[in-house]
>>> print(open('model07.cif').read())   # mmCIF, C-alpha atoms
data_coords
loop_
_atom_site.group_PDB
_atom_site.id
_atom_site.type_symbol
_atom_site.label_atom_id
_atom_site.label_comp_id
_atom_site.auth_asym_id
_atom_site.auth_seq_id
_atom_site.Cartn_x
_atom_site.Cartn_y
_atom_site.Cartn_z
ATOM 1 C CA MET M 1 46.854 -34.672 4.035
ATOM 2 C CA VAL M 2 50.229 -35.655 2.515
ATOM 3 C CA ARG M 3 52.987 -36.076 5.127
ATOM 4 C CA VAL M 4 56.268 -34.650 3.899
ATOM 5 C CA THR M 5 59.344 -36.606 4.943
ATOM 6 C CA SER M 6 62.968 -35.590 4.820
ATOM 7 C CA THR M 7 63.673 -38.251 2.188
ATOM 8 C CA ASP M 8 61.026 -37.215 -0.310
ATOM 9 C CA ARG M 9 60.395 -33.476 0.218
ATOM 10 C CA ARG M 10 60.493 -32.507 -3.461
ATOM 11 C CA ALA M 11 58.007 -35.223 -4.480
ATOM 12 C CA ALA M 12 55.650 -34.206 -1.719
ATOM 13 C CA LEU M 13 55.780 -30.546 -2.759
ATOM 14 C CA ARG M 14 54.984 -31.518 -6.339
ATOM 15 C CA ALA M 15 52.057 -33.638 -5.156
ATOM 16 C CA GLY M 16 50.752 -30.847 -2.933
ATOM 17 C CA ALA M 17 50.932 -28.329 -5.759
ATOM 18 C CA GLY M 18 49.009 -30.696 -7.987
ATOM 19 C CA ILE M 19 46.244 -31.034 -5.376
ATOM 20 C CA VAL M 20 45.905 -27.257 -5.009
ATOM 21 C CA VAL M 21 45.708 -26.669 -8.752
ATOM 22 C CA GLY M 22 43.227 -29.506 -9.190
ATOM 23 C CA SER M 23 41.009 -28.147 -6.419
ATOM 24 C CA ALA M 24 40.994 -24.618 -7.818
ATOM 25 C CA PHE M 25 40.161 -25.867 -11.302
ATOM 26 C CA ALA M 26 37.293 -28.039 -10.039
ATOM 27 C CA ALA M 27 35.836 -25.199 -7.951
ATOM 28 C CA ALA M 28 36.009 -22.787 -10.879
ATOM 29 C CA CYS M 29 34.168 -25.190 -13.165
ATOM 30 C CA ALA M 30 31.433 -26.224 -10.737
ATOM 31 C CA PRO M 31 28.417 -23.835 -11.000
ATOM 32 C CA ASP M 32 27.107 -24.449 -7.475
ATOM 33 C CA GLY M 33 30.387 -25.000 -5.598
ATOM 34 C CA PRO M 34 32.620 -28.070 -5.312
ATOM 35 C CA SER M 35 31.191 -31.435 -6.342
ATOM 36 C CA SER M 36 31.412 -34.543 -4.147
ATOM 37 C CA ASP M 37 34.624 -35.702 -5.797
ATOM 38 C CA THR M 38 36.446 -32.331 -5.655
ATOM 39 C CA VAL M 39 39.543 -32.300 -3.460
ATOM 40 C CA THR M 40 39.584 -29.384 -1.030
ATOM 41 C CA HIS M 41 41.870 -28.151 1.723
ATOM 42 C CA HIS M 42 40.467 -27.484 5.168
ATOM 43 C CA ALA M 43 41.742 -24.271 6.726
ATOM 44 C CA PRO M 44 42.215 -24.169 10.488
ATOM 45 C CA ALA M 45 39.010 -23.326 12.398
ATOM 46 C CA SER M 46 40.336 -19.901 13.422
ATOM 47 C CA HIS M 47 40.563 -18.871 9.758
ATOM 48 C CA ALA M 48 37.210 -20.319 8.570
ATOM 49 C CA PRO M 49 35.038 -17.669 6.885
ATOM 50 C CA ALA M 50 31.911 -16.676 8.782
ATOM 51 C CA SER M 51 28.615 -18.041 7.499
ATOM 52 C CA PRO M 52 26.752 -15.409 5.451
ATOM 53 C CA THR M 53 23.988 -13.613 7.354
ATOM 54 C CA PRO M 54 20.599 -14.440 5.819
ATOM 55 C CA PRO M 55 18.923 -11.374 4.284
ATOM 56 C CA ARG M 56 16.374 -9.682 6.499
ATOM 57 C CA PRO M 57 12.884 -9.075 5.118
ATOM 58 C CA ALA M 58 12.135 -5.514 4.066
ATOM 59 C CA PRO M 59 10.606 -3.517 6.917
ATOM 60 C CA THR M 60 6.871 -2.973 6.710
ATOM 61 C CA ARG M 61 5.187 0.299 7.444
ATOM 62 C CA PRO M 62 3.322 0.269 10.777
ATOM 63 C CA ALA M 63 -0.415 0.475 10.282
ATOM 64 C CA PRO M 64 -1.639 3.911 11.435
ATOM 65 C CA VAL M 65 -4.751 4.139 13.604
ATOM 66 C CA PRO M 66 -7.643 6.613 13.386
ATOM 67 C CA ARG M 67 -7.141 9.930 15.080
ATOM 68 C CA ALA M 68 -9.269 12.963 15.735
ATOM 69 C CA HIS M 69 -8.683 16.241 13.913
ATOM 70 C CA PRO M 70 -10.318 18.743 16.273
ATOM 71 C CA ARG M 71 -10.352 21.628 13.796
ATOM 72 C CA HIS M 72 -12.366 19.589 11.288
ATOM 73 C CA PRO M 73 -16.007 18.469 11.328
ATOM 74 C CA ALA M 74 -17.174 14.917 11.946
ATOM 75 C CA GLN M 75 -17.787 14.502 8.210
ATOM 76 C CA ILE M 76 -14.802 15.820 6.264
ATOM 77 C CA THR M 77 -15.257 16.937 2.668
ATOM 78 C CA HIS M 78 -11.965 18.807 2.170
ATOM 79 C CA GLY M 79 -8.785 19.930 3.866
ATOM 80 C CA PRO M 80 -7.297 23.388 4.417
ATOM 81 C CA ARG M 81 -7.721 25.701 1.441
ATOM 82 C CA ASP M 82 -4.574 27.700 2.188
ATOM 83 C CA ARG M 83 -2.052 24.962 1.343
ATOM 84 C CA PRO M 84 -1.279 23.488 -2.102
ATOM 85 C CA ARG M 85 -2.169 19.907 -1.183
ATOM 86 C CA VAL M 86 -4.899 17.536 -2.341
ATOM 87 C CA ALA M 87 -5.993 14.010 -1.430
ATOM 88 C CA LEU M 88 -6.760 11.438 -4.111
ATOM 89 C CA THR M 89 -8.982 8.804 -2.490
ATOM 90 C CA PHE M 90 -9.838 5.445 -4.050
ATOM 91 C CA HIS M 91 -12.736 3.122 -3.332
ATOM 92 C CA GLY M 92 -10.946 -0.217 -2.885
ATOM 93 C CA GLN M 93 -12.700 -2.863 -4.934
ATOM 94 C CA GLY M 94 -12.357 -4.562 -8.320
ATOM 95 C CA ASP M 95 -9.524 -6.106 -10.316
ATOM 96 C CA PRO M 96 -6.369 -6.246 -8.150
ATOM 97 C CA ALA M 97 -4.185 -5.724 -11.226
ATOM 98 C CA THR M 98 -5.888 -2.363 -11.793
ATOM 99 C CA ALA M 99 -5.331 -1.459 -8.148
ATOM 100 C CA ARG M 100 -1.631 -2.253 -8.378
ATOM 101 C CA ALA M 101 -1.305 -0.293 -11.625
ATOM 102 C CA LEU M 102 -2.846 2.792 -10.010
ATOM 103 C CA LEU M 103 -0.628 2.517 -6.935
ATOM 104 C CA ASP M 104 2.466 2.056 -9.116
ATOM 105 C CA GLU M 105 1.564 5.103 -11.212
ATOM 106 C CA ALA M 106 0.982 7.264 -8.135
ATOM 107 C CA GLU M 107 4.322 6.222 -6.670
ATOM 108 C CA ARG M 108 6.173 6.959 -9.919
ATOM 109 C CA HIS M 109 4.993 10.562 -9.527
ATOM 110 C CA GLY M 110 5.851 10.695 -5.827
ATOM 111 C CA ALA M 111 2.136 10.882 -4.949
ATOM 112 C CA ARG M 112 0.507 9.281 -1.934
ATOM 113 C CA VAL M 113 -3.171 8.322 -1.935
ATOM 114 C CA THR M 114 -5.901 7.077 0.385
ATOM 115 C CA VAL M 115 -7.564 3.700 -0.204
ATOM 116 C CA LEU M 116 -10.945 2.951 1.360
ATOM 117 C CA ALA M 117 -11.154 -0.820 1.092
ATOM 118 C CA VAL M 118 -14.219 -3.053 0.914
ATOM 119 C CA GLY M 119 -14.001 -5.947 3.387
ATOM 120 C CA THR M 120 -14.945 -8.722 0.964
ATOM 121 C CA TRP M 121 -12.338 -7.412 -1.486
ATOM 122 C CA LEU M 122 -9.676 -7.699 1.210
ATOM 123 C CA GLU M 123 -10.840 -11.250 1.945
ATOM 124 C CA GLU M 124 -10.229 -12.172 -1.696
ATOM 125 C CA HIS M 125 -6.963 -10.205 -2.038
ATOM 126 C CA PRO M 126 -5.432 -9.924 1.442
ATOM 127 C CA GLY M 127 -1.974 -8.966 0.181
ATOM 128 C CA LEU M 128 -3.276 -5.634 -1.089
ATOM 129 C CA ALA M 129 -3.704 -4.285 2.450
ATOM 130 C CA ARG M 130 0.034 -4.416 3.071
ATOM 131 C CA ARG M 131 0.758 -3.293 -0.488
ATOM 132 C CA VAL M 132 -1.152 -0.080 0.205
ATOM 133 C CA LEU M 133 0.539 0.592 3.538
ATOM 134 C CA ASP M 134 4.040 -0.335 2.391
ATOM 135 C CA GLY M 135 3.658 2.147 -0.486
ATOM 136 C CA GLY M 136 3.204 4.933 2.069
ATOM 137 C CA HIS M 137 -0.537 5.331 1.483
ATOM 138 C CA ASP M 138 -3.514 5.607 3.857
ATOM 139 C CA LEU M 139 -5.819 2.599 4.243
ATOM 140 C CA GLY M 140 -9.378 2.791 5.523
ATOM 141 C CA ASN M 141 -12.799 1.159 5.812
ATOM 142 C CA HIS M 142 -15.439 1.254 3.047
ATOM 143 C CA THR M 143 -17.814 -1.248 4.708
ATOM 144 C CA HIS M 144 -17.762 -5.009 4.353
ATOM 145 C CA ARG M 145 -20.039 -5.652 1.361
ATOM 146 C CA HIS M 146 -20.429 -2.206 -0.231
ATOM 147 C CA LEU M 147 -24.183 -2.013 0.293
ATOM 148 C CA ASP M 148 -26.264 1.173 0.561
ATOM 149 C CA ILE M 149 -25.314 1.605 4.188
ATOM 150 C CA ASN M 150 -27.572 4.600 4.882
ATOM 151 C CA ALA M 151 -30.596 2.504 3.908
ATOM 152 C CA LEU M 152 -29.748 -0.486 6.127
ATOM 153 C CA PRO M 153 -31.290 -1.180 9.534
ATOM 154 C CA GLU M 154 -29.001 0.110 12.264
ATOM 155 C CA ALA M 155 -27.829 -3.321 13.450
ATOM 156 C CA GLU M 156 -26.933 -4.407 9.913
ATOM 157 C CA ALA M 157 -25.183 -1.133 9.165
ATOM 158 C CA GLU M 158 -23.100 -1.586 12.303
ATOM 159 C CA ARG M 159 -22.148 -5.116 11.220
ATOM 160 C CA GLU M 160 -20.996 -3.735 7.862
ATOM 161 C CA ILE M 161 -18.669 -1.241 9.530
ATOM 162 C CA VAL M 162 -17.364 -3.599 12.215
ATOM 163 C CA ALA M 163 -16.800 -6.549 9.856
ATOM 164 C CA CYS M 164 -14.552 -4.459 7.596
ATOM 165 C CA ALA M 165 -12.764 -2.993 10.622
ATOM 166 C CA ASP M 166 -12.109 -6.510 11.920
ATOM 167 C CA ARG M 167 -10.748 -7.601 8.539
ATOM 168 C CA LEU M 168 -8.382 -4.632 8.445
ATOM 169 C CA ARG M 169 -7.223 -5.328 12.006
ATOM 170 C CA ARG M 170 -6.466 -8.986 11.223
ATOM 171 C CA LEU M 171 -4.458 -8.035 8.138
ATOM 172 C CA THR M 172 -2.604 -4.968 9.427
ATOM 173 C CA GLY M 173 -3.086 -4.596 13.182
ATOM 174 C CA SER M 174 -5.248 -1.475 12.742
ATOM 175 C CA ILE M 175 -8.865 -0.767 11.795
ATOM 176 C CA GLY M 176 -7.555 1.759 9.280
ATOM 177 C CA THR M 177 -7.349 5.517 9.476
ATOM 178 C CA TRP M 178 -10.664 6.458 7.855
ATOM 179 C CA PHE M 179 -14.251 5.350 7.323
ATOM 180 C CA ARG M 180 -16.202 6.162 4.165
ATOM 181 C CA PRO M 181 -19.858 5.138 3.754
ATOM 182 C CA SER M 182 -20.655 2.848 0.837
ATOM 183 C CA ARG M 183 -22.917 4.020 -1.993
ATOM 184 C CA ALA M 184 -23.276 7.468 -0.450
ATOM 185 C CA ALA M 185 -21.441 10.770 -0.583
ATOM 186 C CA ARG M 186 -22.175 11.403 3.103
ATOM 187 C CA ALA M 187 -23.168 9.278 6.081
ATOM 188 C CA SER M 188 -26.556 9.575 7.701
ATOM 189 C CA PRO M 189 -26.487 10.765 11.328
ATOM 190 C CA ALA M 190 -27.073 7.176 12.458
ATOM 191 C CA VAL M 191 -24.188 5.807 10.357
ATOM 192 C CA GLU M 192 -21.926 8.641 11.509
ATOM 193 C CA ALA M 193 -22.634 7.636 15.114
ATOM 194 C CA LEU M 194 -22.009 3.948 14.340
ATOM 195 C CA ALA M 195 -18.668 4.783 12.724
ATOM 196 C CA ARG M 196 -17.658 6.779 15.794
ATOM 197 C CA ARG M 197 -18.629 3.857 18.023
ATOM 198 C CA ALA M 198 -16.474 1.539 15.879
ATOM 199 C CA GLY M 199 -13.455 3.799 16.452
ATOM 200 C CA TYR M 200 -13.527 6.314 13.605
ATOM 201 C CA PRO M 201 -13.683 9.935 14.821
ATOM 202 C CA HIS M 202 -14.462 11.188 11.306
ATOM 203 C CA VAL M 203 -16.334 10.136 8.186
ATOM 204 C CA LEU M 204 -14.291 10.839 5.061
ATOM 205 C CA CYS M 205 -16.370 12.420 2.301
ATOM 206 C CA TYR M 206 -15.135 14.418 -0.724
ATOM 207 C CA ASP M 207 -15.666 17.636 -2.649
ATOM 208 C CA VAL M 208 -14.622 16.361 -6.119
ATOM 209 C CA ASP M 209 -16.366 13.378 -7.694
ATOM 210 C CA SER M 210 -14.427 12.044 -10.694
ATOM 211 C CA LEU M 211 -17.445 10.050 -11.938
ATOM 212 C CA ASP M 212 -14.961 7.433 -13.142
ATOM 213 C CA PHE M 213 -17.429 4.659 -12.251
ATOM 214 C CA THR M 214 -19.639 5.820 -15.145
ATOM 215 C CA SER M 215 -16.816 4.843 -17.566
ATOM 216 C CA PRO M 216 -16.838 8.082 -19.598
ATOM 217 C CA GLY M 217 -13.292 7.546 -20.908
ATOM 218 C CA GLY M 218 -9.913 8.490 -19.478
ATOM 219 C CA PRO M 219 -9.802 12.052 -20.889
ATOM 220 C CA ALA M 220 -13.265 12.808 -19.470
ATOM 221 C CA VAL M 221 -12.264 11.553 -16.016
ATOM 222 C CA ALA M 222 -9.135 13.720 -16.106
ATOM 223 C CA ARG M 223 -11.130 16.808 -17.201
ATOM 224 C CA THR M 224 -13.733 16.312 -14.464
ATOM 225 C CA VAL M 225 -11.063 16.116 -11.779
ATOM 226 C CA LEU M 226 -8.891 18.941 -13.072
ATOM 227 C CA ASP M 227 -11.810 21.323 -13.655
ATOM 228 C CA GLN M 228 -12.830 21.115 -9.969
ATOM 229 C CA ILE M 229 -9.707 20.373 -7.943
ATOM 230 C CA ARG M 230 -8.110 23.097 -5.826
ATOM 231 C CA ASN M 231 -6.176 23.517 -2.596
ATOM 232 C CA GLY M 232 -7.423 21.062 0.012
ATOM 233 C CA SER M 233 -9.665 19.034 -2.298
ATOM 234 C CA VAL M 234 -10.547 15.418 -1.530
ATOM 235 C CA VAL M 235 -11.168 13.560 -4.809
ATOM 236 C CA SER M 236 -13.310 10.426 -5.134
ATOM 237 C CA LEU M 237 -11.842 7.817 -7.515
ATOM 238 C CA HIS M 238 -12.189 4.046 -7.865
ATOM 239 C CA PHE M 239 -10.032 0.990 -8.313
ATOM 240 C CA GLY M 240 -11.307 -1.456 -10.896
ATOM 241 C CA TYR M 241 -11.928 0.945 -13.798
ATOM 242 C CA ALA M 242 -9.677 1.157 -16.849
ATOM 243 C CA ASP M 243 -10.673 4.804 -17.373
ATOM 244 C CA THR M 244 -9.170 5.691 -13.984
ATOM 245 C CA VAL M 245 -5.875 4.055 -14.931
ATOM 246 C CA ALA M 246 -5.905 5.961 -18.231
ATOM 247 C CA ALA M 247 -6.692 9.291 -16.538
ATOM 248 C CA LEU M 248 -4.252 9.182 -13.633
ATOM 249 C CA PRO M 249 -0.993 10.045 -15.474
ATOM 250 C CA ALA M 250 -2.552 13.202 -16.940
ATOM 251 C CA VAL M 251 -4.070 14.166 -13.588
ATOM 252 C CA LEU M 252 -0.775 13.753 -11.738
ATOM 253 C CA ALA M 253 1.214 15.602 -14.408
ATOM 254 C CA GLU M 254 -1.178 18.556 -14.283
ATOM 255 C CA LEU M 255 -1.137 18.617 -10.486
ATOM 256 C CA ASP M 256 2.656 18.837 -10.680
ATOM 257 C CA ARG M 257 2.398 21.684 -13.180
ATOM 258 C CA ARG M 258 0.014 23.584 -10.889
ATOM 259 C CA GLY M 259 2.181 22.989 -7.832
ATOM 260 C CA LEU M 260 -0.478 20.846 -6.108
ATOM 261 C CA ARG M 261 0.964 17.969 -4.117
ATOM 262 C CA ALA M 262 -1.026 14.718 -3.857
ATOM 263 C CA VAL M 263 -0.782 13.479 -0.250
ATOM 264 C CA THR M 264 -2.589 11.074 2.050
ATOM 265 C CA THR M 265 -5.701 12.393 3.762
ATOM 266 C CA THR M 266 -3.884 12.159 7.089
ATOM 267 C CA GLU M 267 -1.164 14.451 5.753
ATOM 268 C CA LEU M 268 -3.715 16.755 4.133
ATOM 269 C CA LEU M 269 -5.297 17.412 7.525
ATOM 270 C CA SER M 270 -2.112 17.489 9.601
#
>>> encode(input="model07.cif", output="C-alpha cells")
Amino acid sequence: MVRVTSTDRRAALRAGAGIVVGSAFAAACAPDGPSSDTVTHHAPASHAPASPTPPRPAPTRPAPVPRAHPRHPAQITHGPRDRPRVALTFHGQGDPATARALLDEAERHGARVTVLAVGTWLEEHPGLARRVLDGGHDLGNHTHRHLDINALPEAEAEREIVACADRLRRLTGSIGTWFRPSRAARASPAVEALARRAGYPHVLCYDVDSLDFTSPGGPAVARTVLDQIRNGSVVSLHFGYADTVAALPAVLAELDRRGLRAVTTTELLS
C-alpha cells in the first residue's frame, strides 16, 4: 500500500489512481479472474464478499415400497373402470437408449408409466433405476434373468424374484412397487405365493397386450393398443424395441384426445 505523506499528497493520489485503473483493466481482460501479476486491493475483512454456496444436487424421488390394495385381487389385470385413467407398463430390458427415449417421450406428454425391470439389465445399466424414479414413474421387479418363471423349480423361481428385489433395494432402497412374472401373462399359484413371500402383495398382470415384441411396425403397435384400451386398462409394452418408440407418440396423442390419462399403476389403483 502507498503511504501518503503531507509533502507528496498529489503524487500519491495519482499513483493510487493508476493502480486502481490498472487492476480493473487486468481483471476485465483475464477470462478466469486476476492473473498472478495483477495488482489488486484488499478490502477490510468486514467487507469481504461471502464465498458462493456450492450448488446442491437435485433432490431424488424417494423409492416407493409395495403396498396392498385390498379392493383388488392378488393378480391385478386392470384398474377401476369408472375413471378415465390407464397404466402403460414396460418390461425393462434392452437398449438403454431406447428406454430413455420412451421415458422422455412419456414425460413430454405429461404421462407417467410403470417399469418392470429385469435384474441383469439393472446390473448392466444401474443408472436407469434412478432415472425411472426421478421421472415420477413406478419401478418394479420382472425377475432377475427373465426366464420362464412358471416353469422353474420352486427354489429357482424364488431366487429369480429375490435376486431382482435385492438389486432394486441396493440401487434405490426399495424392492420396487410391483412384481410381474417373466415370460408369462399371469403367475402360477406357486409363483404368486413366492412373490408375496418376497414382499409383493400383488402380481401385476395386464388386460392389453401391445404385441410390440413381435416387431409388427409402429402403426400396428399403436392400433393394437388403441383398439383395446379403455378406462382402467393396464397395457403391456417393452423397452428395447424401435416399434414401441415409433408407436408411443401416436398412442399418447390419442389418449389425450380421448381424455384418458396415463398414470403409474400405483396411481391407477389409488
>>> resolve_selection(input="model07.cif", expression="the PyMOL selection byres ((chain M and resi 239-256) around 10)", output="PyMOL selection string")
chain M and resi 84-86+88-103+105-106+108-111+115-117+210-226+229-230+237-238+257-262
>>> resolve_selection(input="model07.cif", expression="the PyMOL selection byres ((chain M and resi 79) around 12)", output="count of residues only")
36
>>> atom_distance(input="model07.cif", atom1="atom CA of M:Asp134", atom2="atom CA of M:Trp121")
18.3 Å
>>> resolve_selection(input="model07.cif", expression="the PyMOL selection byres ((chain M and resi 171) around 10)", output="ChimeraX atom specification")
/M:63,122-123,126-130,166-170,172-175
>>> closest_residue(input="model07.cif", among="M:Ser182, M:Asn150, M:Thr177, M:Thr120", to="M:Cys164", atoms="all atoms listed in the file")
M:Thr120
